[in-house]
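Data file: query_10.tsv. Format and content: TSV, C-alpha atoms and all ligand atoms.
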```
chain	number	residue	atom	x	y	z
A	23	MET	CA	25.49	-167.05	43.36
A	24	ARG	CA	25.50	-163.66	45.07
A	25	ARG	CA	27.16	-161.04	42.88
A	26	ALA	CA	30.09	-159.49	44.72
A	27	LEU	CA	30.15	-155.87	45.83
A	28	ILE	CA	33.54	-154.20	46.17
A	29	ALA	CA	33.20	-150.82	47.90
A	30	GLY	CA	35.99	-148.37	48.64
A	31	ASN	CA	35.64	-146.37	51.84
A	32	TRP	CA	37.81	-143.28	51.40
A	33	LYS	CA	37.20	-142.21	55.02
A	34	MET	CA	38.47	-138.69	55.90
A	35	ASN	CA	41.17	-138.65	53.21
A	36	LEU	CA	41.99	-136.74	50.03
A	37	ASP	CA	41.18	-133.20	48.95
A	38	ARG	CA	38.79	-132.16	46.20
A	39	ALA	CA	41.33	-132.51	43.40
A	40	GLY	CA	42.53	-135.85	44.78
A	41	ALA	CA	38.99	-137.19	45.06
A	42	ILE	CA	38.19	-136.20	41.47
A	43	SER	CA	41.39	-137.70	40.16
A	44	LEU	CA	40.87	-140.99	42.07
A	45	ALA	CA	37.28	-141.21	40.83
A	46	LYS	CA	38.45	-140.65	37.23
A	47	GLY	CA	41.07	-143.38	37.56
A	48	VAL	CA	38.60	-145.87	39.06
A	49	ALA	CA	35.92	-145.14	36.43
A	50	GLU	CA	38.44	-145.49	33.62
A	51	GLN	CA	39.91	-148.78	34.82
A	52	ALA	CA	36.54	-150.20	35.83
A	53	ARG	CA	35.20	-149.95	32.29
A	54	GLU	CA	35.86	-153.60	31.55
A	55	VAL	CA	34.55	-154.87	34.90
A	56	ASP	CA	31.28	-156.70	34.44
A	57	HIS	CA	31.60	-159.45	37.04
A	58	ALA	CA	31.11	-157.37	40.22
A	59	ASP	CA	29.37	-154.28	41.49
A	60	LEU	CA	31.72	-151.44	42.36
A	61	ALA	CA	31.23	-148.41	44.56
A	62	VAL	CA	33.27	-145.64	46.11
A	63	ILE	CA	32.37	-143.88	49.33
A	64	PRO	CA	34.07	-140.45	49.41
A	65	PRO	CA	33.92	-137.88	52.20
A	66	SER	CA	30.43	-136.37	51.86
A	67	VAL	CA	31.71	-132.90	50.92
A	68	TYR	CA	33.28	-134.37	47.77
A	69	VAL	CA	30.40	-136.64	46.76
A	70	ASP	CA	28.96	-134.11	44.34
A	71	ALA	CA	32.27	-133.68	42.52
A	72	VAL	CA	32.89	-137.43	42.46
A	73	ALA	CA	29.34	-138.08	41.25
A	74	SER	CA	29.89	-135.78	38.24
A	75	VAL	CA	32.90	-137.90	37.29
A	76	LEU	CA	31.19	-141.26	37.86
A	77	GLN	CA	27.89	-140.43	36.16
A	78	GLY	CA	27.39	-142.95	33.34
A	79	SER	CA	30.23	-145.22	34.54
A	80	ASN	CA	29.75	-148.62	36.13
A	81	VAL	CA	30.90	-147.34	39.52
A	82	ALA	CA	28.24	-146.35	42.06
A	83	TRP	CA	28.84	-144.07	45.02
A	84	GLY	CA	27.67	-143.49	48.54
A	85	VAL	CA	28.24	-141.71	51.83
A	86	GLN	CA	29.97	-142.83	55.01
A	87	ASN	CA	27.20	-141.85	57.39
A	88	VAL	CA	23.81	-140.13	57.66
A	89	TYR	CA	21.57	-138.93	60.46
A	90	TRP	CA	18.17	-140.59	60.73
A	91	LYS	CA	15.97	-137.48	60.99
A	92	PRO	CA	14.66	-136.11	57.70
A	93	ASN	CA	15.72	-132.49	58.33
A	94	GLY	CA	16.05	-129.87	61.03
A	95	ALA	CA	18.41	-128.56	63.66
A	96	PHE	CA	21.12	-131.24	63.55
A	97	THR	CA	24.27	-129.25	62.97
A	98	GLY	CA	26.96	-131.08	61.09
A	99	GLU	CA	24.76	-133.97	59.99
A	100	ILE	CA	23.40	-134.95	56.60
A	101	SER	CA	20.09	-136.65	55.86
A	102	VAL	CA	19.20	-139.63	53.69
A	103	ALA	CA	17.34	-137.27	51.34
A	104	MET	CA	20.54	-135.24	50.90
A	105	ALA	CA	22.51	-138.39	50.07
A	106	LYS	CA	19.79	-139.36	47.62
A	107	ASP	CA	19.88	-135.92	46.06
A	108	LEU	CA	23.58	-136.53	45.35
A	109	GLY	CA	22.74	-139.76	43.51
A	110	CYS	CA	24.10	-142.03	46.23
A	111	ARG	CA	23.20	-145.69	46.19
A	112	TYR	CA	24.94	-146.83	49.39
A	113	VAL	CA	25.28	-145.56	52.94
A	114	VAL	CA	27.85	-147.08	55.29
A	115	ILE	CA	26.24	-147.50	58.71
A	116	GLY	CA	27.89	-148.38	62.01
A	117	HIS	CA	31.47	-148.42	60.79
A	118	SER	CA	33.74	-149.36	63.70
A	119	GLU	CA	35.33	-145.91	63.66
A	120	ARG	CA	31.90	-144.41	64.19
A	121	ARG	CA	31.04	-146.91	66.89
A	122	HIS	CA	34.35	-146.78	68.75
A	123	ILE	CA	35.67	-143.25	68.14
A	124	LEU	CA	32.42	-141.32	67.74
A	125	GLY	CA	30.29	-143.27	70.20
A	126	GLU	CA	27.60	-144.60	67.90
A	127	SER	CA	25.36	-147.13	69.67
A	128	ASP	CA	23.48	-150.17	68.37
A	129	GLU	CA	20.32	-148.08	68.70
A	130	ASP	CA	21.76	-145.27	66.57
A	131	VAL	CA	22.73	-147.85	63.97
A	132	ASN	CA	19.21	-149.28	63.96
A	133	ASN	CA	17.64	-145.82	63.54
A	134	LYS	CA	19.96	-145.12	60.63
A	135	VAL	CA	19.28	-148.48	58.98
A	136	HIS	CA	15.54	-147.74	59.02
A	137	ALA	CA	16.03	-144.24	57.64
A	138	VAL	CA	18.29	-145.47	54.83
A	139	ILE	CA	16.00	-148.33	53.78
A	140	ASP	CA	12.89	-146.17	53.97
A	141	GLY	CA	14.68	-143.55	51.88
A	142	GLY	CA	15.32	-146.13	49.15
A	143	LEU	CA	19.10	-146.43	49.60
A	144	VAL	CA	21.18	-149.47	50.51
A	145	PRO	CA	22.75	-149.61	53.97
A	146	ILE	CA	26.13	-151.30	54.28
A	147	ILE	CA	25.82	-152.33	57.93
A	148	CYS	CA	29.18	-152.88	59.62
A	149	VAL	CA	29.65	-155.30	62.49
A	150	GLY	CA	32.80	-156.62	64.08
A	151	GLU	CA	34.57	-157.51	67.28
A	152	THR	CA	37.50	-155.82	68.99
A	153	LEU	CA	40.74	-157.69	69.62
A	154	GLU	CA	39.82	-158.07	73.27
A	155	GLU	CA	36.45	-159.57	72.35
A	156	ARG	CA	38.11	-162.01	69.93
A	157	GLU	CA	40.63	-163.05	72.55
A	158	LYS	CA	37.80	-163.70	74.98
A	159	GLU	CA	36.12	-165.81	72.29
A	160	ARG	CA	33.18	-163.44	72.14
A	161	THR	CA	33.34	-162.75	68.40
A	162	LEU	CA	30.17	-164.59	67.41
A	163	VAL	CA	28.19	-163.20	70.35
A	164	VAL	CA	29.22	-159.64	69.48
A	165	VAL	CA	28.49	-159.82	65.76
A	166	GLU	CA	25.16	-161.53	66.40
A	167	ARG	CA	24.14	-158.83	68.88
A	168	GLN	CA	25.18	-156.03	66.51
A	169	THR	CA	23.41	-157.64	63.54
A	170	LEU	CA	20.13	-158.29	65.33
A	171	ALA	CA	20.17	-154.82	66.87
A	172	ALA	CA	20.83	-153.19	63.49
A	173	LEU	CA	17.93	-155.09	61.94
A	174	ALA	CA	15.44	-154.66	64.80
A	175	GLY	CA	12.04	-153.89	63.32
A	176	VAL	CA	13.27	-154.36	59.73
A	177	SER	CA	10.83	-156.56	57.80
A	178	ALA	CA	11.97	-159.56	55.78
A	179	ASP	CA	11.12	-157.80	52.56
A	180	LYS	CA	13.22	-154.77	53.47
A	181	ALA	CA	16.09	-156.86	54.83
A	182	ARG	CA	16.57	-158.59	51.50
A	183	GLY	CA	18.32	-155.55	50.03
A	184	VAL	CA	20.73	-154.72	52.84
A	185	VAL	CA	24.46	-155.38	52.77
A	186	LEU	CA	26.21	-156.62	55.89
A	187	ALA	CA	29.95	-156.02	56.30
A	188	TYR	CA	31.94	-158.13	58.74
A	189	GLU	CA	34.80	-155.89	59.78
A	190	PRO	CA	36.89	-157.14	62.71
A	191	VAL	CA	38.03	-153.97	64.45
A	192	TRP	CA	41.55	-155.35	64.94
A	193	ALA	CA	41.93	-155.79	61.18
A	194	ILE	CA	40.86	-152.32	60.06
A	195	GLY	CA	43.74	-150.18	58.90
A	196	THR	CA	46.23	-152.40	60.69
A	197	GLY	CA	47.58	-154.40	57.75
A	198	LYS	CA	46.50	-157.51	59.65
A	199	ASN	CA	43.60	-159.20	57.88
A	200	ALA	CA	41.44	-162.01	59.21
A	201	THR	CA	42.50	-165.25	57.59
A	202	PRO	CA	40.05	-166.54	54.99
A	203	ALA	CA	39.07	-169.31	57.43
A	204	GLN	CA	38.47	-166.85	60.30
A	205	ALA	CA	36.38	-164.59	58.07
A	206	GLU	CA	34.41	-167.46	56.54
A	207	GLU	CA	33.61	-168.83	60.01
A	208	VAL	CA	32.03	-165.51	61.00
A	209	HIS	CA	30.22	-165.13	57.67
A	210	VAL	CA	28.69	-168.59	58.06
A	211	ALA	CA	27.58	-167.66	61.58
A	212	LEU	CA	26.07	-164.40	60.33
A	213	ARG	CA	24.23	-166.25	57.58
A	214	LYS	CA	22.73	-168.49	60.29
A	215	VAL	CA	21.74	-165.46	62.36
A	216	LEU	CA	19.97	-164.01	59.30
A	217	ALA	CA	18.25	-167.32	58.58
A	218	GLY	CA	17.02	-167.47	62.18
A	219	ARG	CA	15.88	-163.85	62.14
A	220	TYR	CA	14.22	-164.13	58.70
A	221	ASN	CA	14.51	-167.32	56.68
A	222	ARG	CA	17.05	-169.27	54.66
A	223	GLU	CA	16.11	-167.64	51.35
A	224	ILE	CA	16.62	-164.10	52.68
A	225	ALA	CA	19.83	-165.11	54.44
A	226	GLU	CA	21.14	-166.41	51.12
A	227	ALA	CA	20.12	-163.24	49.29
A	228	ILE	CA	21.87	-160.81	51.66
A	229	ARG	CA	25.42	-159.95	50.68
A	230	ILE	CA	27.98	-160.22	53.44
A	231	GLN	CA	31.18	-158.34	52.69
A	232	TYR	CA	34.45	-158.76	54.51
A	233	GLY	CA	36.47	-155.68	55.46
A	234	GLY	CA	39.81	-155.32	57.23
A	235	SER	CA	43.10	-154.77	55.42
A	236	VAL	CA	41.90	-156.23	52.12
A	237	LYS	CA	44.66	-155.83	49.52
A	238	PRO	CA	45.26	-157.27	46.05
A	239	ASP	CA	47.50	-159.97	47.46
A	240	ASN	CA	44.96	-161.37	49.96
A	241	ALA	CA	41.74	-160.59	48.06
A	242	ARG	CA	41.61	-163.65	45.84
A	243	GLU	CA	41.66	-166.12	48.73
A	244	LEU	CA	39.28	-164.12	50.91
A	245	LEU	CA	36.81	-163.56	48.11
A	246	SER	CA	36.84	-167.18	47.01
A	247	GLN	CA	35.25	-168.26	50.32
A	248	PRO	CA	31.65	-169.36	49.68
A	249	ASN	CA	30.11	-166.89	52.13
A	250	ILE	CA	32.26	-163.84	51.41
A	251	ASP	CA	30.30	-161.79	48.90
A	252	GLY	CA	32.57	-158.83	48.45
A	253	ALA	CA	34.84	-156.46	50.28
A	254	LEU	CA	34.65	-153.15	52.07
A	255	VAL	CA	38.06	-151.66	51.42
A	256	GLY	CA	39.69	-148.74	53.23
A	257	GLY	CA	43.37	-148.01	52.62
A	258	ALA	CA	43.68	-149.92	49.36
A	259	SER	CA	40.74	-148.04	47.84
A	260	LEU	CA	42.82	-144.85	47.81
A	261	LYS	CA	45.02	-146.20	45.00
A	262	VAL	CA	43.42	-147.03	41.66
A	263	ASP	CA	45.71	-149.99	40.96
A	264	GLN	CA	45.19	-151.51	44.38
A	265	PHE	CA	41.42	-151.08	44.30
A	266	LEU	CA	41.15	-152.57	40.83
A	267	GLY	CA	43.71	-155.22	41.81
A	268	ILE	CA	41.23	-156.39	44.44
A	269	VAL	CA	38.48	-156.55	41.84
A	270	ALA	CA	40.81	-158.56	39.58
A	271	GLY	CA	41.10	-161.13	42.38
A	272	LEU	CA	37.44	-162.06	42.00
A	273	SER	CA	36.69	-165.13	39.99
A	274	ARG	CA	34.45	-164.38	37.03
N	1	LIG	C1	37.37	-149.87	56.29
N	1	LIG	O1	37.57	-148.69	56.21
N	1	LIG	O2	36.22	-150.28	56.41
N	1	LIG	C2	38.50	-150.80	56.20
N	1	LIG	C3	38.26	-152.08	56.20
N	1	LIG	O3	39.77	-150.26	56.14
N	1	LIG	P1	41.14	-151.01	55.72
N	1	LIG	O4	40.85	-151.73	54.42
N	1	LIG	O5	42.14	-149.93	55.56
N	1	LIG	O6	41.47	-151.97	56.80
```

Structure translated into structure tokens:
Amino acid sequence: MRRALIAGNWKMNLDRAGAISLAKGVAEQAREVDHADLAVIPPSVYVDAVASVLQGSNVAWGVQNVYWKPNGAFTGEISVAMAKDLGCRYVVIGHSERRHILGESDEDVNNKVHAVIDGGLVPIICVGETLEEREKERTLVVVERQTLAALAGVSADKARGVVLAYEPVWAIGTGKNATPAQAEEVHVALRKVLAGRYNREIAEAIRIQYGGSVKPDNARELLSQPNIDGALVGGASLKVDQFLGIVAGLSR
């Protein structure tokens, strides 16, 4: 069975003191967790402070974005090497807010995926349809296109270690989650896309997280679906009890 990954995306929230205090709370309460991998993804300016708190705990950390060039005149961006220098394990790539608010394209996502893998970190590649696309029954077409574009030129061996996150745009931060059946349907389809692109064994090895208004009260049912291998959590990851409540919903 694929071991679940529960990752908390803090987005552009908190201040330095708040980030440190949340990290302390998560590390403390996660001490007994041995049945899932946990990670927090703070704003990049607080990663160093959060990393000092999480060092030696069983909670990993990451960044919400990187640029794909190794260094140079790219004002406002951070590189994979910088994220690595901060001890990051994960990099969220192609989050819907980056795609839809900040104009990130499938090609940008692909460049970033290559840079992250080549830099030895784990990309959490986000895909997901808008409400309009779902209503037009284009969900599977959209997530397939985004997945194949993100993995263009990525070898089977390198693909094995990536994480895919199915995040329907209409469910992010809205309090309206996909039903377990809706999410499972897309995860099964994504698994097939991965099997077609690579092979069955690699498709089975890749974790596919669900994200979109995951909370303690809906986590158990979502996470018990056979193809849902974890959660990418936004709002609920900003509260220690809610984040750990989601982890508690995982069967051991
Ligand atoms: C996210 O940030 O990826 C997310 C899924 O947010 P929320 O849990 O708040 O919907």

Around ligand LIG 1 (chain N), out to 7 Å and counting all atoms listed in the file, which residues are there? I want them as number ranges by chain. A: 31, 33, 117, 189, 193-197, 233-236, 254-258

Legend entry - Protein, DNA and RNA residues within 12 Å of (31.4, -135.5, 52.3), only C-alpha atoms, as a PyMOL selection string: chain A and resi 31-38+41+63-73+83-88+98-101+104-105+108+110+113

- Dig up all the protein and nucleic acid residues within 10 Å of (47.9, -158.6, 47.2) in the file frame, using all atoms listed in the file, and format them as a VMD selection string. chain A and resid 236 to 243 258 264 267 to 268 271

Could the residues in this selection be saved with C-alpha atoms as a short mmCIF file (atom, residue, chain, number, x, y, z; two decimals), in the frame of the given file?
```cif
data_model
loop_
_atom_site.label_atom_id
_atom_site.label_comp_id
_atom_site.auth_asym_id
_atom_site.auth_seq_id
_atom_site.Cartn_x
_atom_site.Cartn_y
_atom_site.Cartn_z
CA VAL A 236 41.90 -156.23 52.12
CA LYS A 237 44.66 -155.83 49.52
CA PRO A 238 45.26 -157.27 46.05
CA ASP A 239 47.50 -159.97 47.46
CA ASN A 240 44.96 -161.37 49.96
CA ALA A 241 41.74 -160.59 48.06
CA ARG A 242 41.61 -163.65 45.84
CA GLU A 243 41.66 -166.12 48.73
CA ALA A 258 43.68 -149.92 49.36
CA GLN A 264 45.19 -151.51 44.38
CA GLY A 267 43.71 -155.22 41.81
CA ILE A 268 41.23 -156.39 44.44
CA GLY A 271 41.10 -161.13 42.38
#
```

Margin query: as a VMD selection string, please: the residues near Gly116 of chain A (cut-off 10 Å, all atoms listed in the file, same-chain neighbours under 6 positions excluded).
Written below: chain A and resid 86 to 87 122 125 to 128 130 to 132 134 to 135 145 to 150 168 172 187

Selected residues, C-alpha atoms, written as a PDB file, in the coordinates of the input, please.
```pdb
ATOM      1  CA  GLN A  86      29.970-142.830  55.010  1.00  0.00           C
ATOM      2  CA  ASN A  87      27.200-141.850  57.390  1.00  0.00           C
ATOM      3  CA  HIS A 122      34.350-146.780  68.750  1.00  0.00           C
ATOM      4  CA  GLY A 125      30.290-143.270  70.200  1.00  0.00           C
ATOM      5  CA  GLU A 126      27.600-144.600  67.900  1.00  0.00           C
ATOM      6  CA  SER A 127      25.360-147.130  69.670  1.00  0.00           C
ATOM      7  CA  ASP A 128      23.480-150.170  68.370  1.00  0.00           C
ATOM      8  CA  ASP A 130      21.760-145.270  66.570  1.00  0.00           C
ATOM      9  CA  VAL A 131      22.730-147.850  63.970  1.00  0.00           C
ATOM     10  CA  ASN A 132      19.210-149.280  63.960  1.00  0.00           C
ATOM     11  CA  LYS A 134      19.960-145.120  60.630  1.00  0.00           C
ATOM     12  CA  VAL A 135      19.280-148.480  58.980  1.00  0.00           C
ATOM     13  CA  PRO A 145      22.750-149.610  53.970  1.00  0.00           C
ATOM     14  CA  ILE A 146      26.130-151.300  54.280  1.00  0.00           C
ATOM     15  CA  ILE A 147      25.820-152.330  57.930  1.00  0.00           C
ATOM     16  CA  CYS A 148      29.180-152.880  59.620  1.00  0.00           C
ATOM     17  CA  VAL A 149      29.650-155.300  62.490  1.00  0.00           C
ATOM     18  CA  GLY A 150      32.800-156.620  64.080  1.00  0.00           C
ATOM     19  CA  GLN A 168      25.180-156.030  66.510  1.00  0.00           C
ATOM     20  CA  ALA A 172      20.830-153.190  63.490  1.00  0.00           C
ATOM     21  CA  ALA A 187      29.950-156.020  56.300  1.00  0.00           C
TER      22      ALA A 187
END
```

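Closest approach to Leu76 of chain A among A:Leu60, A:Ala45, A:Thr97, A:Pro202: A:Ala45, based on all atoms listed in the file.
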
Would you pick out the contacts of Leu143 of chain A at 8 Å or less, using only C-alpha atoms, so that residues sharing its chain but fewer than 2 positions from it are not included, and give the list as a short mmCIF file (atom, residue, chain, number, x, y, z; two decimals) with C-alpha atoms, in the frame of the given file?
```cif
data_model
loop_
_atom_site.label_atom_id
_atom_site.label_comp_id
_atom_site.auth_asym_id
_atom_site.auth_seq_id
_atom_site.Cartn_x
_atom_site.Cartn_y
_atom_site.Cartn_z
CA VAL A 102 19.20 -139.63 53.69
CA LYS A 106 19.79 -139.36 47.62
CA CYS A 110 24.10 -142.03 46.23
CA ARG A 111 23.20 -145.69 46.19
CA TYR A 112 24.94 -146.83 49.39
CA VAL A 113 25.28 -145.56 52.94
CA VAL A 138 18.29 -145.47 54.83
CA ILE A 139 16.00 -148.33 53.78
CA ASP A 140 12.89 -146.17 53.97
CA GLY A 141 14.68 -143.55 51.88
CA PRO A 145 22.75 -149.61 53.97
#
```

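The smallest atom-to-atom distance between Arg120 of chain A and any of A:Val191, A:Asp59, A:Thr169, A:Lys261, using only C-alpha atoms, is found for A:Val191.
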
Item to complete: Tell me which protein, DNA and RNA residues are within 9 Å of Thr201 of chain A, counting all atoms listed in the file, leaving out same-chain ones fewer than 2 positions away, and put them as a PyMOL selection string.
Response: chain A and resi 198-199+203-206+240+243-244

Of A:Thr161, A:Pro190, A:Ala181, A:Gly252, the one sitting nearest Ala61 of chain A when using only C-alpha atoms is A:Gly252

Find the spatial neighbours of Pro248 of chain A, counting only C-alpha atoms, within a cut-off of 10 Å - ignore same-chain residues fewer than 3 positions away - and output them as a tab-separated table (two decimals) with C-alpha atoms, keeping the file's coordinate frame.
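And here's part.tsv as it stands now:
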```tsv
chain	number	residue	atom	x	y	z
A	23	MET	CA	25.49	-167.05	43.36
A	24	ARG	CA	25.50	-163.66	45.07
A	206	GLU	CA	34.41	-167.46	56.54
A	209	HIS	CA	30.22	-165.13	57.67
A	210	VAL	CA	28.69	-168.59	58.06
A	244	LEU	CA	39.28	-164.12	50.91
A	245	LEU	CA	36.81	-163.56	48.11
A	251	ASP	CA	30.30	-161.79	48.90
```

Please write out, as JSON, where the centre of an axis-aligned box around all listed atoms of segment 130-138 of chain A lies and how long its edges are, in Å to one decimal, after adding 4 Å on each side.
```
{"center_x": 19.1, "center_y": -146.8, "center_z": 60.7, "size_x": 15.2, "size_y": 13.0, "size_z": 19.7}
```

re atom CA of Asp107 of chain A and atom CA of Ile28 of chain A: distance 22.8 Å

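Relative to atom CA of Asn249 of chain A, atom CA of Asn80 of chain A is found at 24.3 Å.
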
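Distances from A:Val48, A:Val75, A:Val114, A:Val163 to Tyr89 of chain A were compared using only C-alpha atoms, and the smallest one belongs to A:Val114.
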
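Note that the spacing between atom CA of Val165 of chain A and atom CA of Leu212 of chain A amounts to 7.5 Å.
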
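Across A:Ala174, A:Ala200, A:Val185, A:Ala29, the tightest approach to Arg156 of chain A is made by A:Ala200 when counting all atoms listed in the file.
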